[in-house]
Amino acid sequence: MTLRGGALLLSLWAISGVATVQTCDDPKKSRQWKDFVQQWGRSEPTSGSLRQLGVGETAESFYLIAELKRNYSGVRLTEGHWYQVDFGHPAIAYGPPSLDNSGPVEWCDSGVEAELDGWSASKLTSGQKFIHAVSRPVSRYYPARLYSVVGAVEGKWFSKVDLGVLNDELSSHPFRAEGDGELYLFANDVALKYDNNHGYVVVAITRVVPPQ
């Protein structure tokens, strides 16, 4: 067994039995949650034409659902253009993706309540810090913290960007597109362990002028 394979097995074993800092309510097994994911989840590339944004335009908001490995935006990015991604609490639980910034978002990994920029080391037990250390190298995007929100362009291997770290309570910071194609988002996690993820946030994408 390779070192990488051993780390993967160790991380999967550890996550499955870890004690949690905070318990997050997990609605995934309810019929309401399954219907919600089926209705509003975007796990496949958008069929038909994609939205191309002019400067200052914001696309129709959509849901980023933690248990889906890809959440497609319906927006085509253009390499070299600058964009901003805003996250918010849904205005209506399980309803249409209307963004409301007045409330907290639910973003949970294996029962651990995380932030959009991933697991916060200050909130983790020593055991969870160990899990983060062994899981991060085999996560889908190593530069980002475990469970941070990551964006990527469909079919472009080097287009990933850590969106979670660009977002805070005060503002969202723009990023430069590193490829042409549809933007999709995901929670940065070990590829085989999305079944214990839950939570969802509303996402809005705006094209912005390049920063000075």
# chains A, B, ... in the order shown; residues from 1 in each chain; ligands from 1

$ residues_around --residues "Gly74 in chain A" --least-positions-apart "5" --cutoff "12 Å" --atoms "only C-alpha atoms" --output "PDB file with C-alpha atoms, in the first residue's frame"
ATOM      1  CA  ARG A  42     -27.340  20.949  -9.746  1.00  0.00           C
ATOM      2  CA  SER A  43     -25.003  17.969  -9.820  1.00  0.00           C
ATOM      3  CA  GLU A  44     -24.711  17.737 -13.625  1.00  0.00           C
ATOM      4  CA  PRO A  45     -23.307  20.236 -16.152  1.00  0.00           C
ATOM      5  CA  THR A  46     -25.935  22.680 -17.361  1.00  0.00           C
ATOM      6  CA  SER A  47     -27.592  21.619 -20.590  1.00  0.00           C
ATOM      7  CA  GLY A  48     -28.179  24.338 -23.158  1.00  0.00           C
ATOM      8  CA  SER A  49     -26.651  27.793 -23.170  1.00  0.00           C
ATOM      9  CA  LEU A  50     -24.727  29.180 -20.201  1.00  0.00           C
ATOM     10  CA  ARG A  51     -25.122  32.685 -18.782  1.00  0.00           C
ATOM     11  CA  GLN A  52     -22.257  35.008 -19.716  1.00  0.00           C
ATOM     12  CA  LEU A  53     -22.074  38.053 -17.471  1.00  0.00           C
ATOM     13  CA  THR A  58     -25.240  39.107 -11.235  1.00  0.00           C
ATOM     14  CA  ALA A  59     -26.485  35.690 -12.308  1.00  0.00           C
ATOM     15  CA  GLU A  60     -29.548  33.981 -10.878  1.00  0.00           C
ATOM     16  CA  SER A  61     -28.637  32.563  -7.478  1.00  0.00           C
ATOM     17  CA  PHE A  62     -28.413  28.813  -6.890  1.00  0.00           C
ATOM     18  CA  TYR A  63     -27.802  26.358  -4.051  1.00  0.00           C
ATOM     19  CA  VAL A 153     -14.119  25.551 -14.268  1.00  0.00           C
ATOM     20  CA  GLU A 154     -15.516  22.416 -15.899  1.00  0.00           C
ATOM     21  CA  GLY A 181     -16.236  27.215 -19.074  1.00  0.00           C
ATOM     22  CA  GLU A 182     -18.974  26.598 -16.540  1.00  0.00           C
ATOM     23  CA  LEU A 183     -18.178  27.349 -12.906  1.00  0.00           C
ATOM     24  CA  TYR A 184     -19.009  24.661 -10.356  1.00  0.00           C
ATOM     25  CA  LEU A 185     -18.514  24.669  -6.579  1.00  0.00           C
ATOM     26  CA  VAL A 203     -24.654  31.446  -4.005  1.00  0.00           C
ATOM     27  CA  ALA A 204     -24.679  34.553  -6.204  1.00  0.00           C
ATOM     28  CA  ILE A 205     -22.031  35.199  -8.893  1.00  0.00           C
TER      29      ILE A 205
END

$ select_by_dssp --residues "chain A" --states "strand (DSSP E or B)" --output "PDB file with C-alpha atoms, in the first residue's frame"
ATOM      1  CA  ARG A  51     -25.122  32.685 -18.782  1.00  0.00           C
ATOM      2  CA  THR A  58     -25.240  39.107 -11.235  1.00  0.00           C
ATOM      3  CA  PHE A  62     -28.413  28.813  -6.890  1.00  0.00           C
ATOM      4  CA  TYR A  63     -27.802  26.358  -4.051  1.00  0.00           C
ATOM      5  CA  LEU A  64     -24.446  24.951  -3.034  1.00  0.00           C
ATOM      6  CA  ILE A  65     -25.312  21.640  -1.338  1.00  0.00           C
ATOM      7  CA  ASN A  71     -22.741  22.124  -7.807  1.00  0.00           C
ATOM      8  CA  TYR A  72     -23.027  23.694 -11.265  1.00  0.00           C
ATOM      9  CA  SER A  73     -23.746  27.405 -11.539  1.00  0.00           C
ATOM     10  CA  GLY A  74     -25.103  27.805 -15.060  1.00  0.00           C
ATOM     11  CA  VAL A  75     -22.544  30.618 -15.502  1.00  0.00           C
ATOM     12  CA  ARG A  76     -19.769  30.561 -18.086  1.00  0.00           C
ATOM     13  CA  LEU A  77     -16.540  32.152 -16.881  1.00  0.00           C
ATOM     14  CA  TRP A  82     -12.817  38.901 -12.662  1.00  0.00           C
ATOM     15  CA  TYR A  83     -15.760  37.593 -10.634  1.00  0.00           C
ATOM     16  CA  GLN A  84     -17.111  37.755  -7.109  1.00  0.00           C
ATOM     17  CA  VAL A  85     -19.018  34.994  -5.329  1.00  0.00           C
ATOM     18  CA  ASP A  86     -21.345  35.900  -2.457  1.00  0.00           C
ATOM     19  CA  PHE A  87     -22.816  33.385  -0.023  1.00  0.00           C
ATOM     20  CA  GLY A  88     -25.910  33.765   2.106  1.00  0.00           C
ATOM     21  CA  HIS A  89     -28.558  32.127   4.239  1.00  0.00           C
ATOM     22  CA  PRO A  90     -31.630  31.021   2.246  1.00  0.00           C
ATOM     23  CA  LEU A  99     -30.216  34.993  -0.841  1.00  0.00           C
ATOM     24  CA  ASP A 100     -30.658  36.499   2.635  1.00  0.00           C
ATOM     25  CA  GLU A 106     -25.422  25.650   7.969  1.00  0.00           C
ATOM     26  CA  TRP A 107     -22.201  24.020   6.785  1.00  0.00           C
ATOM     27  CA  CYS A 108     -21.393  20.753   8.532  1.00  0.00           C
ATOM     28  CA  ASP A 109     -18.914  17.922   8.002  1.00  0.00           C
ATOM     29  CA  VAL A 112     -18.625  19.293  12.906  1.00  0.00           C
ATOM     30  CA  GLU A 113     -20.009  22.787  12.355  1.00  0.00           C
ATOM     31  CA  GLU A 115     -17.129  27.833   8.367  1.00  0.00           C
ATOM     32  CA  ASP A 117     -13.436  28.649   4.683  1.00  0.00           C
ATOM     33  CA  GLY A 118     -13.246  25.180   6.206  1.00  0.00           C
ATOM     34  CA  SER A 139      -8.667  16.166  -0.273  1.00  0.00           C
ATOM     35  CA  SER A 148     -13.612  25.139   2.479  1.00  0.00           C
ATOM     36  CA  VAL A 149     -15.741  26.114  -0.526  1.00  0.00           C
ATOM     37  CA  VAL A 150     -13.773  25.626  -3.753  1.00  0.00           C
ATOM     38  CA  GLY A 151     -14.680  26.771  -7.256  1.00  0.00           C
ATOM     39  CA  ALA A 152     -13.467  25.287 -10.541  1.00  0.00           C
ATOM     40  CA  VAL A 153     -14.119  25.551 -14.268  1.00  0.00           C
ATOM     41  CA  VAL A 161      -9.749  28.616  -6.476  1.00  0.00           C
ATOM     42  CA  ASP A 162     -10.369  28.645  -2.723  1.00  0.00           C
ATOM     43  CA  ASN A 167     -15.330  35.295   1.787  1.00  0.00           C
ATOM     44  CA  SER A 172     -16.361  38.941  -0.640  1.00  0.00           C
ATOM     45  CA  PHE A 175     -10.956  36.244  -8.183  1.00  0.00           C
ATOM     46  CA  ARG A 176      -9.573  35.940 -11.693  1.00  0.00           C
ATOM     47  CA  GLY A 181     -16.236  27.215 -19.074  1.00  0.00           C
ATOM     48  CA  GLU A 182     -18.974  26.598 -16.540  1.00  0.00           C
ATOM     49  CA  LEU A 183     -18.178  27.349 -12.906  1.00  0.00           C
ATOM     50  CA  TYR A 184     -19.009  24.661 -10.356  1.00  0.00           C
ATOM     51  CA  LEU A 185     -18.514  24.669  -6.579  1.00  0.00           C
ATOM     52  CA  PHE A 186     -17.882  21.996  -3.964  1.00  0.00           C
ATOM     53  CA  ALA A 187     -16.929  21.469  -0.339  1.00  0.00           C
ATOM     54  CA  VAL A 190     -11.894  13.507   0.721  1.00  0.00           C
ATOM     55  CA  ASN A 197     -21.665  16.086   4.599  1.00  0.00           C
ATOM     56  CA  HIS A 198     -24.701  18.278   5.009  1.00  0.00           C
ATOM     57  CA  GLY A 199     -25.742  21.884   4.887  1.00  0.00           C
ATOM     58  CA  TYR A 200     -26.508  24.270   2.069  1.00  0.00           C
ATOM     59  CA  VAL A 201     -25.974  27.923   1.203  1.00  0.00           C
ATOM     60  CA  VAL A 202     -27.252  30.277  -1.480  1.00  0.00           C
ATOM     61  CA  VAL A 203     -24.654  31.446  -4.005  1.00  0.00           C
ATOM     62  CA  ALA A 204     -24.679  34.553  -6.204  1.00  0.00           C
ATOM     63  CA  ILE A 205     -22.031  35.199  -8.893  1.00  0.00           C
ATOM     64  CA  THR A 206     -21.224  38.701 -10.153  1.00  0.00           C
ATOM     65  CA  ARG A 207     -18.742  39.818 -12.772  1.00  0.00           C
ATOM     66  CA  VAL A 208     -16.670  42.723 -11.450  1.00  0.00           C
TER      67      VAL A 208
END

$ closest_residue --among "A:Phe130, A:Tyr147, A:Tyr142, A:Phe158" --to "Leu116 in chain A" --atoms "only C-alpha atoms"
A:Tyr147

$ select_by_dssp --residues "chain A" --states "alpha helix (DSSP H)" --output "ChimeraX atom specification"
/A:3-16,31-40,126-135

$ closest_residue --among "A:His173, A:His132, A:Lys69, A:Arg140" --to "Trp119 in chain A" --atoms "only C-alpha atoms"
A:His132

$ atom_distance --atom1 "CA of Arg145 in chain A" --atom2 "CA of Pro174 in chain A"
18.9 Å

$ atom_distance --atom1 "CA of Ala191 in chain A" --atom2 "CA of Val138 in chain A"
8.1 Å

$ atom_distance --atom1 "CA of Leu68 in chain A" --atom2 "CA of Gly54 in chain A"
28.6 Å

$ closest_residue --among "A:Pro210, A:Asn196, A:Gln128, A:Tyr94" --to "Ser110 in chain A" --atoms "only C-alpha atoms"
A:Asn196
